[in-house]
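Engineer: One structure is given below, represented as structure tokens, and several questions about it will come after.
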Amino acid sequence: MLKKISFIIFLFSAPVLLIAQSSQVKGTVINSDGSPAEAVSVQLEGKTIAAVTNASGDYILNNIQPGSWRIVVSGIGVRTQRRQITIAANEILTINFSLEKVSTDLEEILVNSRKNTEHASVSLRLKTPLLEVPQNIQVIDDNDLKAQQVISMSDGVVRNVSGAARLEHWGDLYTNVVARGSQLQAFRNGFNVVASYWGPLTEDMCFVDRIEFVKGPAGFMLSNGDPSGLYNVVTKKPTGVNKGEINFTTGSFSLYRAGLDLDGALSKNKKLLYRLNVAAQAKGSHRDHEYNNRYVIAPVVSYQVDDKTKITLEYNGQFANMTEVGSYYVFSPQGYATYPRNLTFTNPGLPPTKINDHSGYVIFEHSLDENWKLTAQGSYFNYQQRGMSSWPSMVDPDNGYILRNFGIWDASSSMVLGQAFLNGEFYTGKIRHRLLAGLDAANKTYYADWGQSYNLDTPDDLFDPLNPGYGIPPNGYPVFDRSTPIQQRAILGWGVMKQQYTSLYVQDELAFLQDRLRLTLAGRYTDVKQVYGVDQPYDAAKHFTPRAGLSFSIDPNTSVYGLYDQAFIPQTGILTNGGKVQPVTGNNLELGIKRNWFKNKWNTTLSVYRILKQNELTADPASNPNAPTSIVLGEKIAKGVELDVRGSILPGFTVMANYAYTDARVTKVAAGVTEYKEDQIVPGFARHTANAWVSYELQKTAFKGLGVSGGFTMLNDRFTAWSLEGKQPEDYFKLDGGIFYARNKYRITLNVFNILDAYLYSGSYYAMPTVAGDWSSTGPAYYYQTEPPRNVRLSIAYRF
């Protein structure tokens, strides 16, 4: 296998002796004060040839045909420039630009931000414009999030992406996004930050610049994990422009929040830059006695060593003080939505759950020359949790009385992550090669103490959900033993999770027919081992995953594509018939069409996909219980259609809308398997998902800057419960809307959420003991989490 990989690397990256020179335009873009203009869009008008300036303000436009062209330079807060050029065959032109700063209204900010999201972030590694990438990738920038008053990753972000949903909301603690039939992998700045099923702590939006959703396996990022895809949270970085913003938000259920964003230079030559984001929040809940308070600090410093090298240091600190995990759950034997929305099983007087979430990054970027760039970065994550979780010991099936139980949930997690990747371009004859080669490594540990629990109530004095009492609990308050280190307690309670991996990736995008036809050939080799529990064998695998994509530009604004990619999950066991255990594989076949409309003012993506999961093991019912063995389950298929639309349809009128059809089933069952049946639903999706957010701002009137906005979220045919037993949740529909005023440096936003005051929830069937602690006697129960009734948020922001 290593010989094959070495050959692929040689084939893709070997230097060529004869490289045909292609016409090229390059140059530097600076601001009016002489500082480099970073993240500015430079495009050949009417063509797909485009670039985004780097930290030095440099850009390169390759593969230009001889003739007369117009170059367009645009960005947020600067006046758009156009310059006519004439270029001959094999000529290299140097064209520099100096940009003038201008005041921008809301629409101009949104249009220019979309231009900057036409390319992936540095941490997503792709240099190809997203229009030409053979995969469904959606980008949400911070302007969209501010308009919708999103304050955390778990606060409505998924409405902006087709087919994305949250099965269980976990309050404002964990995000857990699902799409295409399984859970998306969570990334931050290009790093996979999943240390356990629950993590990471949901990101506060104060330090988030954009969120990139990649649908389906993405070998250019990682291959070990579920095949549904990933989301990459990109944090704010220094821009070199001295500016700032202060904002305040207040709302229903005692929400008070303030944030500050400072951006600028620490040296006169603007080589040393900084960005600082801080936020503080006091937040109540529509459920009684529940709260979620936190503060955040996120400083970033970058140093431009020279015109080719930049070093960035970053820290994200999130500190939460909240009610125990699970306080938002309600259990009922009668079904979903049977109790008032403000019901909670928590109790005043219980100590808070405290979480300290730290992450640090070191990023090194070096341009070897105008065509080649090396990026290396390392990160360390440290997560400390001290608190509790709640889960009943019993549910009375007749009257619904509950024996509330609270268990300790202390946790300690650390992750050491590193990666290096090389981006470059070269030509062999008229074929353009865009090379990406990289190495990823990680060492993750998660320790949790779940080994102690305490009943708040007694069998003779149970908790009545219809007449809840919140005085001193009948059995008093719990006192847990924390005298030994968390690592020792975790071993006793089976709360240990570990993962290690190293991975090598090589990709070559070959462009033909003047860049209209692009063929991507790639492969990733991964060596991974992971374990869940104590004294358990490691799930380990050494696996090669191929990637092949084809993209064709019908015209400069339209491309069609096809993609094959694969993800895998290691597993362990003993096969009944002998042989080697293979990892679970998820193979994605995807077709799609992308288009930018009306000079890139809005764009659409339509994709269809089919993900085939194979090799998954299940217990062999015929094996010896004292020496159990496993057999291959069969096959599962997730398939669907996704449509995303976003942009400015008319002056002042912006739209974000999406729809997805999803279906996931068991399609083949091996002989002897009794747990599954063919055509059985694989839960974890809503068959029909639709979202929209529209906004209209008055134009050229005395009320310019005044606007209205609104949107909805719909989940129909929900199979979002983790179990197929009992009833599935009912259809979901949420309507939101508001008004705003944005002029010069101010923005005021007032939104009303859940306008229809619908009873909204998520949850699942769960058989619970009918006698305290006796799992041999269980009865039907449903647990669910309610969402807030009609509520209001008011935000005021000032830019300076």
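Each chain in the structure tokens gets a letter, A, B, ..., in the order shown, and its residues are numbered from 1; ligands are numbered from 1 in order too.
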If we count only C-alpha atoms and set the cut-off at 9 Å, which residues sit around region 196-212 of chain A, ignoring sequence neighbours fewer than 6 positions away in its own chain? Please answer as a short mmCIF file (atom, residue, chain, number, x, y, z; two decimals) with N, CA, C and O atoms, in the first residue's frame.
Structural biologist:
```
data_model
loop_
_atom_site.label_atom_id
_atom_site.label_comp_id
_atom_site.auth_asym_id
_atom_site.auth_seq_id
_atom_site.Cartn_x
_atom_site.Cartn_y
_atom_site.Cartn_z
N THR A 117 -17.13 34.77 0.01
CA THR A 117 -17.43 33.37 0.32
C THR A 117 -17.53 32.52 -0.94
O THR A 117 -17.96 31.38 -0.88
N ALA A 120 -13.26 28.95 -0.58
CA ALA A 120 -13.17 28.33 0.73
C ALA A 120 -12.15 29.07 1.58
O ALA A 120 -11.27 29.77 1.07
N SER A 121 -12.25 28.92 2.89
CA SER A 121 -11.25 29.48 3.78
C SER A 121 -9.93 28.73 3.61
O SER A 121 -9.88 27.63 3.05
N LEU A 124 -9.94 25.16 4.88
CA LEU A 124 -10.60 24.12 4.09
C LEU A 124 -9.72 23.64 2.94
O LEU A 124 -10.10 22.72 2.21
N ILE A 137 -20.95 22.42 -1.20
CA ILE A 137 -20.35 23.14 -0.07
C ILE A 137 -21.10 24.45 0.09
O ILE A 137 -21.20 25.24 -0.86
N GLN A 138 -21.62 24.70 1.28
CA GLN A 138 -22.37 25.91 1.57
C GLN A 138 -21.64 26.72 2.64
O GLN A 138 -21.14 26.16 3.62
N VAL A 139 -21.59 28.04 2.45
CA VAL A 139 -20.88 28.93 3.36
C VAL A 139 -21.85 29.93 3.97
O VAL A 139 -22.60 30.60 3.25
N ILE A 140 -21.84 30.03 5.29
CA ILE A 140 -22.64 31.02 6.02
C ILE A 140 -21.67 32.00 6.65
O ILE A 140 -20.78 31.60 7.40
N ASP A 141 -21.81 33.28 6.33
CA ASP A 141 -20.88 34.24 6.91
C ASP A 141 -21.54 34.99 8.06
O ASP A 141 -22.74 34.86 8.32
N ASP A 142 -20.73 35.78 8.79
CA ASP A 142 -21.22 36.36 10.02
C ASP A 142 -22.31 37.41 9.80
O ASP A 142 -23.10 37.69 10.70
N ASN A 143 -22.40 37.99 8.59
CA ASN A 143 -23.48 38.93 8.33
C ASN A 143 -24.84 38.23 8.31
O ASN A 143 -25.84 38.77 8.79
N LEU A 145 -25.50 35.56 10.02
CA LEU A 145 -25.77 35.17 11.41
C LEU A 145 -26.27 36.35 12.23
O LEU A 145 -27.18 36.22 13.06
N LYS A 146 -25.71 37.54 11.99
CA LYS A 146 -26.15 38.73 12.73
C LYS A 146 -27.58 39.09 12.36
O LYS A 146 -28.38 39.48 13.22
N VAL A 150 -28.32 35.02 15.50
CA VAL A 150 -27.77 33.75 15.97
C VAL A 150 -26.65 34.06 16.95
O VAL A 150 -25.72 34.80 16.61
N ILE A 151 -26.70 33.50 18.15
CA ILE A 151 -25.69 33.81 19.15
C ILE A 151 -24.81 32.63 19.51
O ILE A 151 -23.81 32.80 20.20
N SER A 152 -25.16 31.43 19.03
CA SER A 152 -24.29 30.27 19.25
C SER A 152 -24.51 29.27 18.12
O SER A 152 -25.48 29.37 17.37
N MET A 153 -23.63 28.31 18.02
CA MET A 153 -23.70 27.32 16.96
C MET A 153 -24.98 26.50 17.04
O MET A 153 -25.45 25.97 16.04
N SER A 154 -25.58 26.41 18.21
CA SER A 154 -26.80 25.62 18.39
C SER A 154 -28.05 26.48 18.35
O SER A 154 -29.13 26.04 18.74
N VAL A 157 -28.39 28.00 13.43
CA VAL A 157 -27.47 28.03 12.28
C VAL A 157 -27.92 27.10 11.17
O VAL A 157 -27.84 27.43 9.98
N TRP A 170 -29.88 19.32 23.07
CA TRP A 170 -28.89 19.40 24.14
C TRP A 170 -28.76 20.82 24.67
O TRP A 170 -27.67 21.31 24.96
N ASP A 172 -28.09 24.49 25.05
CA ASP A 172 -27.09 25.29 24.35
C ASP A 172 -25.70 24.77 24.69
O ASP A 172 -24.74 25.52 24.78
N LEU A 173 -25.61 23.45 24.83
CA LEU A 173 -24.38 22.82 25.29
C LEU A 173 -23.61 22.20 24.13
O LEU A 173 -22.44 22.52 23.89
N TYR A 174 -24.25 21.29 23.40
CA TYR A 174 -23.62 20.63 22.26
C TYR A 174 -24.49 20.85 21.02
O TYR A 174 -25.71 20.99 21.11
N THR A 175 -23.87 20.81 19.85
CA THR A 175 -24.60 21.13 18.62
C THR A 175 -25.16 19.89 17.96
O THR A 175 -26.35 19.80 17.68
N ASN A 176 -24.33 18.89 17.67
CA ASN A 176 -24.78 17.61 17.10
C ASN A 176 -25.70 17.80 15.88
O ASN A 176 -26.90 17.54 15.96
N ALA A 186 -17.63 17.67 13.46
CA ALA A 186 -17.42 19.07 13.85
C ALA A 186 -15.95 19.44 13.67
O ALA A 186 -15.07 18.78 14.22
N LEU A 230 -19.20 17.30 7.05
CA LEU A 230 -18.64 18.04 8.16
C LEU A 230 -19.09 19.49 8.10
O LEU A 230 -19.56 19.97 7.07
N TYR A 231 -18.95 20.17 9.22
CA TYR A 231 -19.04 21.63 9.22
C TYR A 231 -17.77 22.19 9.85
O TYR A 231 -17.25 21.66 10.82
N ASN A 232 -17.24 23.26 9.24
CA ASN A 232 -15.98 23.85 9.66
C ASN A 232 -16.25 25.27 10.15
O ASN A 232 -16.65 26.14 9.38
N VAL A 233 -16.06 25.49 11.44
CA VAL A 233 -16.23 26.82 12.03
C VAL A 233 -14.92 27.58 11.87
O VAL A 233 -13.88 27.15 12.37
N VAL A 234 -14.97 28.70 11.16
CA VAL A 234 -13.78 29.52 10.90
C VAL A 234 -13.85 30.75 11.79
O VAL A 234 -14.82 31.51 11.74
N THR A 235 -12.84 30.94 12.60
CA THR A 235 -12.84 32.05 13.54
C THR A 235 -12.31 33.33 12.90
O THR A 235 -11.64 33.30 11.87
N LYS A 236 -12.60 34.45 13.53
CA LYS A 236 -12.21 35.76 13.00
C LYS A 236 -10.70 35.95 13.13
O LYS A 236 -10.10 35.61 14.14
N LYS A 237 -10.12 36.54 12.09
CA LYS A 237 -8.68 36.82 12.05
C LYS A 237 -8.46 38.31 11.81
O LYS A 237 -9.35 39.02 11.34
N GLY A 259 -21.18 42.27 23.41
CA GLY A 259 -19.99 41.79 22.73
C GLY A 259 -19.16 42.93 22.19
O GLY A 259 -19.68 44.03 21.92
N LEU A 260 -17.87 42.68 22.02
CA LEU A 260 -16.94 43.68 21.50
C LEU A 260 -15.99 43.00 20.52
O LEU A 260 -15.43 41.94 20.82
N ASP A 261 -15.82 43.62 19.34
CA ASP A 261 -14.92 43.11 18.30
C ASP A 261 -13.95 44.22 17.92
O ASP A 261 -14.37 45.26 17.39
N LEU A 276 -9.48 41.01 18.60
CA LEU A 276 -9.94 40.63 19.93
C LEU A 276 -11.45 40.62 19.95
O LEU A 276 -12.09 41.63 19.63
N ASN A 277 -12.02 39.49 20.33
CA ASN A 277 -13.46 39.37 20.50
C ASN A 277 -13.75 38.91 21.93
O ASN A 277 -13.15 37.94 22.41
N VAL A 278 -14.65 39.64 22.59
CA VAL A 278 -15.09 39.25 23.93
C VAL A 278 -16.61 39.34 23.96
O VAL A 278 -17.22 40.14 23.24
N ALA A 279 -17.22 38.53 24.77
CA ALA A 279 -18.67 38.55 24.94
C ALA A 279 -19.03 38.03 26.32
O ALA A 279 -18.30 37.21 26.90
N VAL A 296 -16.85 34.83 27.02
CA VAL A 296 -15.94 34.36 25.97
C VAL A 296 -14.85 35.39 25.75
O VAL A 296 -15.11 36.60 25.78
N ILE A 297 -13.63 34.92 25.53
CA ILE A 297 -12.54 35.79 25.15
C ILE A 297 -11.75 35.09 24.04
O ILE A 297 -11.43 33.91 24.16
N ALA A 298 -11.47 35.82 22.96
CA ALA A 298 -10.82 35.21 21.80
C ALA A 298 -9.84 36.20 21.16
O ALA A 298 -10.18 36.91 20.22
N ASN A 316 -9.03 30.68 21.98
CA ASN A 316 -10.48 30.76 22.20
C ASN A 316 -10.78 30.23 23.60
O ASN A 316 -10.49 29.06 23.88
N GLN A 318 -13.94 29.72 26.30
CA GLN A 318 -15.38 29.78 26.57
C GLN A 318 -15.62 29.24 27.98
O GLN A 318 -15.15 28.14 28.30
N ILE A 355 -18.24 24.72 32.94
CA ILE A 355 -17.41 24.22 31.84
C ILE A 355 -16.39 25.29 31.48
O ILE A 355 -16.74 26.46 31.28
N ASP A 357 -13.68 25.77 28.52
CA ASP A 357 -13.30 25.21 27.22
C ASP A 357 -12.20 26.10 26.62
O ASP A 357 -12.45 27.25 26.27
N TYR A 383 -10.71 20.73 27.69
CA TYR A 383 -12.10 20.89 28.10
C TYR A 383 -12.27 20.32 29.50
O TYR A 383 -11.91 19.16 29.76
N SER A 413 -11.12 16.55 28.92
CA SER A 413 -10.77 16.15 27.56
C SER A 413 -9.57 16.97 27.09
O SER A 413 -9.47 18.17 27.39
N THR A 445 -8.13 12.39 23.96
CA THR A 445 -8.56 11.62 25.13
C THR A 445 -9.76 12.31 25.77
O THR A 445 -9.85 13.54 25.78
N TYR A 446 -10.67 11.50 26.28
CA TYR A 446 -11.86 12.03 26.97
C TYR A 446 -12.12 11.14 28.17
O TYR A 446 -12.27 9.92 28.03
N MET A 497 -12.62 7.49 26.54
CA MET A 497 -12.63 7.45 25.09
C MET A 497 -11.29 7.98 24.60
O MET A 497 -10.84 9.04 25.04
N LYS A 498 -10.68 7.26 23.66
CA LYS A 498 -9.39 7.67 23.12
C LYS A 498 -9.37 7.45 21.61
O LYS A 498 -9.99 6.52 21.11
#
```
Engineer: What does the distance between CA of Glu91 (chain A) and CA of Asp508 (chain A) come to in Å, to one decimal place?
Structural biologist: 25.5 Å
Engineer: Which neighbours of Asp440 (chain A) fall inside 12 Å, counting only C-alpha atoms, when residues of the same chain fewer than 3 positions from it are skipped, and could you give them as an MDAnalysis selection string?
Structural biologist: chainID A and resid 190:192 219:224 375:379 416:421 437 443 500:506 524:528
Engineer: Dump N, CA, C and O atoms for the selected residues as a short mmCIF file (atom, residue, chain, number, x, y, z; two decimals), in the first residue's frame?
Structural biologist:
```
data_model
loop_
_atom_site.label_atom_id
_atom_site.label_comp_id
_atom_site.auth_asym_id
_atom_site.auth_seq_id
_atom_site.Cartn_x
_atom_site.Cartn_y
_atom_site.Cartn_z
N GLY A 190 -10.31 23.99 10.51
CA GLY A 190 -9.72 22.88 9.78
C GLY A 190 -9.37 21.67 10.62
O GLY A 190 -8.91 20.65 10.08
N PHE A 191 -9.58 21.72 11.93
CA PHE A 191 -9.27 20.61 12.82
C PHE A 191 -10.56 19.87 13.20
O PHE A 191 -11.57 20.50 13.53
N ASN A 192 -10.49 18.54 13.21
CA ASN A 192 -11.60 17.74 13.71
C ASN A 192 -11.57 17.81 15.23
O ASN A 192 -10.64 17.35 15.88
N GLY A 219 -12.57 13.82 1.54
CA GLY A 219 -11.24 13.28 1.71
C GLY A 219 -10.17 14.33 1.85
O GLY A 219 -9.12 14.08 2.44
N PHE A 220 -10.40 15.54 1.32
CA PHE A 220 -9.39 16.58 1.43
C PHE A 220 -9.27 17.10 2.86
O PHE A 220 -8.33 17.83 3.17
N MET A 221 -10.22 16.74 3.74
CA MET A 221 -10.15 17.14 5.15
C MET A 221 -9.87 15.94 6.06
O MET A 221 -9.00 16.00 6.91
N LEU A 222 -10.66 14.86 5.91
CA LEU A 222 -10.51 13.68 6.75
C LEU A 222 -11.39 12.59 6.19
O LEU A 222 -12.40 12.87 5.53
N SER A 223 -11.03 11.32 6.46
CA SER A 223 -11.81 10.20 5.93
C SER A 223 -12.38 9.30 7.00
O SER A 223 -13.28 8.52 6.73
N ASN A 224 -11.84 9.34 8.24
CA ASN A 224 -12.36 8.47 9.28
C ASN A 224 -13.49 9.18 10.01
O ASN A 224 -13.33 10.24 10.58
N THR A 375 1.27 25.53 4.33
CA THR A 375 0.56 25.90 5.55
C THR A 375 0.75 24.79 6.57
O THR A 375 0.51 23.61 6.27
N ALA A 376 1.18 25.15 7.76
CA ALA A 376 1.32 24.19 8.86
C ALA A 376 0.68 24.80 10.09
O ALA A 376 0.85 25.99 10.36
N GLN A 377 -0.07 23.98 10.81
CA GLN A 377 -0.71 24.50 12.02
C GLN A 377 -0.86 23.41 13.07
O GLN A 377 -1.00 22.22 12.75
N GLY A 378 -0.80 23.84 14.30
CA GLY A 378 -1.01 22.94 15.42
C GLY A 378 -2.04 23.53 16.36
O GLY A 378 -2.25 24.75 16.41
N SER A 379 -2.69 22.66 17.12
CA SER A 379 -3.74 23.13 18.03
C SER A 379 -3.79 22.25 19.27
O SER A 379 -3.50 21.05 19.20
N VAL A 416 -4.53 17.01 21.04
CA VAL A 416 -3.35 17.59 20.40
C VAL A 416 -3.47 17.29 18.92
O VAL A 416 -3.53 16.11 18.51
N LEU A 417 -3.53 18.34 18.09
CA LEU A 417 -3.81 18.18 16.67
C LEU A 417 -2.75 18.90 15.85
O LEU A 417 -2.29 19.99 16.22
N GLY A 418 -2.37 18.30 14.75
CA GLY A 418 -1.40 18.93 13.88
C GLY A 418 -1.67 18.60 12.43
O GLY A 418 -2.21 17.53 12.10
N GLN A 419 -1.32 19.51 11.55
CA GLN A 419 -1.49 19.28 10.12
C GLN A 419 -0.57 20.19 9.33
O GLN A 419 -0.19 21.28 9.79
N ALA A 420 -0.20 19.73 8.17
CA ALA A 420 0.59 20.51 7.22
C ALA A 420 0.11 20.17 5.83
O ALA A 420 -0.15 19.00 5.53
N PHE A 421 -0.06 21.18 4.99
CA PHE A 421 -0.50 20.90 3.62
C PHE A 421 0.13 21.90 2.65
O PHE A 421 0.45 23.04 3.01
N ALA A 437 -1.42 18.47 -1.18
CA ALA A 437 -0.84 17.33 -0.48
C ALA A 437 -0.72 17.69 0.99
O ALA A 437 -0.31 18.81 1.33
N ASN A 443 -4.17 13.22 18.57
CA ASN A 443 -4.21 12.37 19.76
C ASN A 443 -5.26 12.95 20.69
O ASN A 443 -5.12 14.07 21.20
N GLN A 500 -6.47 8.02 18.20
CA GLN A 500 -5.22 8.47 17.61
C GLN A 500 -5.26 8.18 16.12
O GLN A 500 -5.73 7.12 15.70
N TYR A 501 -4.75 9.12 15.32
CA TYR A 501 -4.66 8.83 13.89
C TYR A 501 -3.57 9.67 13.24
O TYR A 501 -3.22 10.76 13.70
N THR A 502 -3.04 9.14 12.17
CA THR A 502 -2.18 9.88 11.24
C THR A 502 -2.72 9.60 9.85
O THR A 502 -3.23 8.51 9.56
N SER A 503 -2.62 10.60 8.99
CA SER A 503 -3.26 10.47 7.69
C SER A 503 -2.50 11.29 6.65
O SER A 503 -2.04 12.39 6.93
N LEU A 504 -2.37 10.72 5.45
CA LEU A 504 -1.67 11.36 4.34
C LEU A 504 -2.63 11.52 3.18
O LEU A 504 -3.37 10.57 2.84
N TYR A 505 -2.65 12.71 2.57
CA TYR A 505 -3.59 12.98 1.49
C TYR A 505 -2.88 13.64 0.32
O TYR A 505 -2.03 14.51 0.50
N VAL A 506 -3.24 13.21 -0.89
CA VAL A 506 -2.71 13.81 -2.11
C VAL A 506 -3.86 13.99 -3.10
O VAL A 506 -4.65 13.06 -3.31
N ARG A 524 -6.52 9.25 0.17
CA ARG A 524 -6.07 9.47 1.54
C ARG A 524 -5.78 8.13 2.19
O ARG A 524 -6.59 7.19 2.10
N TYR A 525 -4.63 8.03 2.84
CA TYR A 525 -4.28 6.83 3.60
C TYR A 525 -4.31 7.19 5.08
O TYR A 525 -3.66 8.15 5.53
N THR A 526 -5.09 6.43 5.88
CA THR A 526 -5.30 6.75 7.29
C THR A 526 -4.97 5.55 8.16
O THR A 526 -5.38 4.42 7.87
N ASP A 527 -4.23 5.81 9.21
CA ASP A 527 -3.93 4.82 10.24
C ASP A 527 -4.57 5.31 11.53
O ASP A 527 -4.13 6.31 12.11
N VAL A 528 -5.65 4.63 11.98
CA VAL A 528 -6.41 5.12 13.11
C VAL A 528 -6.69 3.99 14.09
O VAL A 528 -6.88 2.83 13.69
#
```
Engineer: Quick one: residues within 7 Å of Gly586 (chain A), only C-alpha atoms, excluding same-chain residues fewer than 6 positions away - as a short mmCIF file (atom, residue, chain, number, x, y, z; two decimals) with all heavy atoms, in the first residue's frame?
Structural biologist:
```cif
data_model
loop_
_atom_site.label_atom_id
_atom_site.label_comp_id
_atom_site.auth_asym_id
_atom_site.auth_seq_id
_atom_site.Cartn_x
_atom_site.Cartn_y
_atom_site.Cartn_z
N PRO A 227 -20.07 9.21 7.01
CA PRO A 227 -19.93 9.70 5.64
C PRO A 227 -20.83 10.87 5.27
O PRO A 227 -20.91 11.23 4.10
CB PRO A 227 -20.30 8.46 4.82
CG PRO A 227 -21.31 7.75 5.66
CD PRO A 227 -20.85 7.96 7.08
N GLN A 566 -15.22 8.52 -0.24
CA GLN A 566 -15.47 7.46 0.73
C GLN A 566 -15.01 7.88 2.11
O GLN A 566 -14.00 8.58 2.27
CB GLN A 566 -14.73 6.18 0.32
CG GLN A 566 -15.01 4.98 1.20
CD GLN A 566 -14.16 3.76 0.83
OE1 GLN A 566 -13.12 3.53 1.42
NE2 GLN A 566 -14.61 3.00 -0.16
N ALA A 567 -15.75 7.46 3.14
CA ALA A 567 -15.35 7.59 4.53
C ALA A 567 -15.42 6.21 5.17
O ALA A 567 -16.02 5.27 4.62
CB ALA A 567 -16.26 8.57 5.26
N PHE A 568 -14.79 6.07 6.34
CA PHE A 568 -14.80 4.76 7.00
C PHE A 568 -14.77 4.93 8.51
O PHE A 568 -14.35 5.97 9.03
CB PHE A 568 -13.62 3.90 6.53
CG PHE A 568 -12.29 4.32 7.13
CD1 PHE A 568 -11.78 3.68 8.25
CD2 PHE A 568 -11.57 5.37 6.57
CE1 PHE A 568 -10.57 4.07 8.79
CE2 PHE A 568 -10.36 5.76 7.10
CZ PHE A 568 -9.86 5.11 8.22
N ILE A 611 -25.46 7.47 -0.58
CA ILE A 611 -24.39 7.01 0.30
C ILE A 611 -24.66 5.56 0.67
O ILE A 611 -25.68 5.25 1.29
CB ILE A 611 -24.28 7.88 1.55
CG1 ILE A 611 -23.94 9.32 1.17
CG2 ILE A 611 -23.23 7.33 2.51
CD1 ILE A 611 -23.93 10.28 2.33
N LEU A 612 -23.75 4.68 0.32
CA LEU A 612 -23.86 3.24 0.59
C LEU A 612 -22.94 2.87 1.74
O LEU A 612 -21.73 3.05 1.66
CB LEU A 612 -23.49 2.45 -0.67
CG LEU A 612 -23.39 0.93 -0.51
CD1 LEU A 612 -24.75 0.32 -0.17
CD2 LEU A 612 -22.83 0.29 -1.78
N LYS A 613 -23.53 2.35 2.84
CA LYS A 613 -22.74 1.91 3.99
C LYS A 613 -22.67 0.38 3.97
O LYS A 613 -23.69 -0.30 3.89
CB LYS A 613 -23.37 2.39 5.30
CG LYS A 613 -23.31 3.89 5.49
CD LYS A 613 -23.84 4.32 6.85
CE LYS A 613 -22.87 3.95 7.96
NZ LYS A 613 -23.29 4.55 9.26
N GLN A 614 -21.45 -0.13 4.10
CA GLN A 614 -21.21 -1.57 4.04
C GLN A 614 -20.29 -2.00 5.17
O GLN A 614 -19.62 -1.19 5.81
CB GLN A 614 -20.57 -1.94 2.69
CG GLN A 614 -21.46 -1.67 1.48
CD GLN A 614 -20.73 -1.94 0.18
OE1 GLN A 614 -19.69 -1.34 -0.09
NE2 GLN A 614 -21.28 -2.83 -0.64
#
```
Engineer: A:Leu99, A:Tyr782, A:Pro352, A:Thr249: which is nearest Ile748 (chain A), counting only C-alpha atoms?
Structural biologist: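 Nearest to Ile748 (chain A): A:Thr249.
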Engineer: Considering only C-alpha atoms, state which residue in the set A:Asn587, A:Asn399, A:Asn293, A:Gln514 is at the smallest distance from Glu635 (chain A).
Structural biologist: A:Asn587
Engineer: With 9 Å as the cut-off and only C-alpha atoms counted, what is the closest atom pair between each nearby residue of region 585-627 of chain A and region 655-676 of chain A? Distances in Å to one decimal, ordered by chain and number, as JSON lines.
Structural biologist:
```
{"residue": "A:Trp602", "atom": "CA", "partner": "A:Val655", "partner_atom": "CA", "distance": 8.5}
{"residue": "A:Thr618", "atom": "CA", "partner": "A:Val673", "partner_atom": "CA", "distance": 7.8}
{"residue": "A:Ala619", "atom": "CA", "partner": "A:Val673", "partner_atom": "CA", "distance": 8.2}
{"residue": "A:Asp620", "atom": "CA", "partner": "A:Val673", "partner_atom": "CA", "distance": 6.9}
{"residue": "A:Pro621", "atom": "CA", "partner": "A:Val673", "partner_atom": "CA", "distance": 7.2}
{"residue": "A:Ala622", "atom": "CA", "partner": "A:Gly672", "partner_atom": "CA", "distance": 7.7}
```
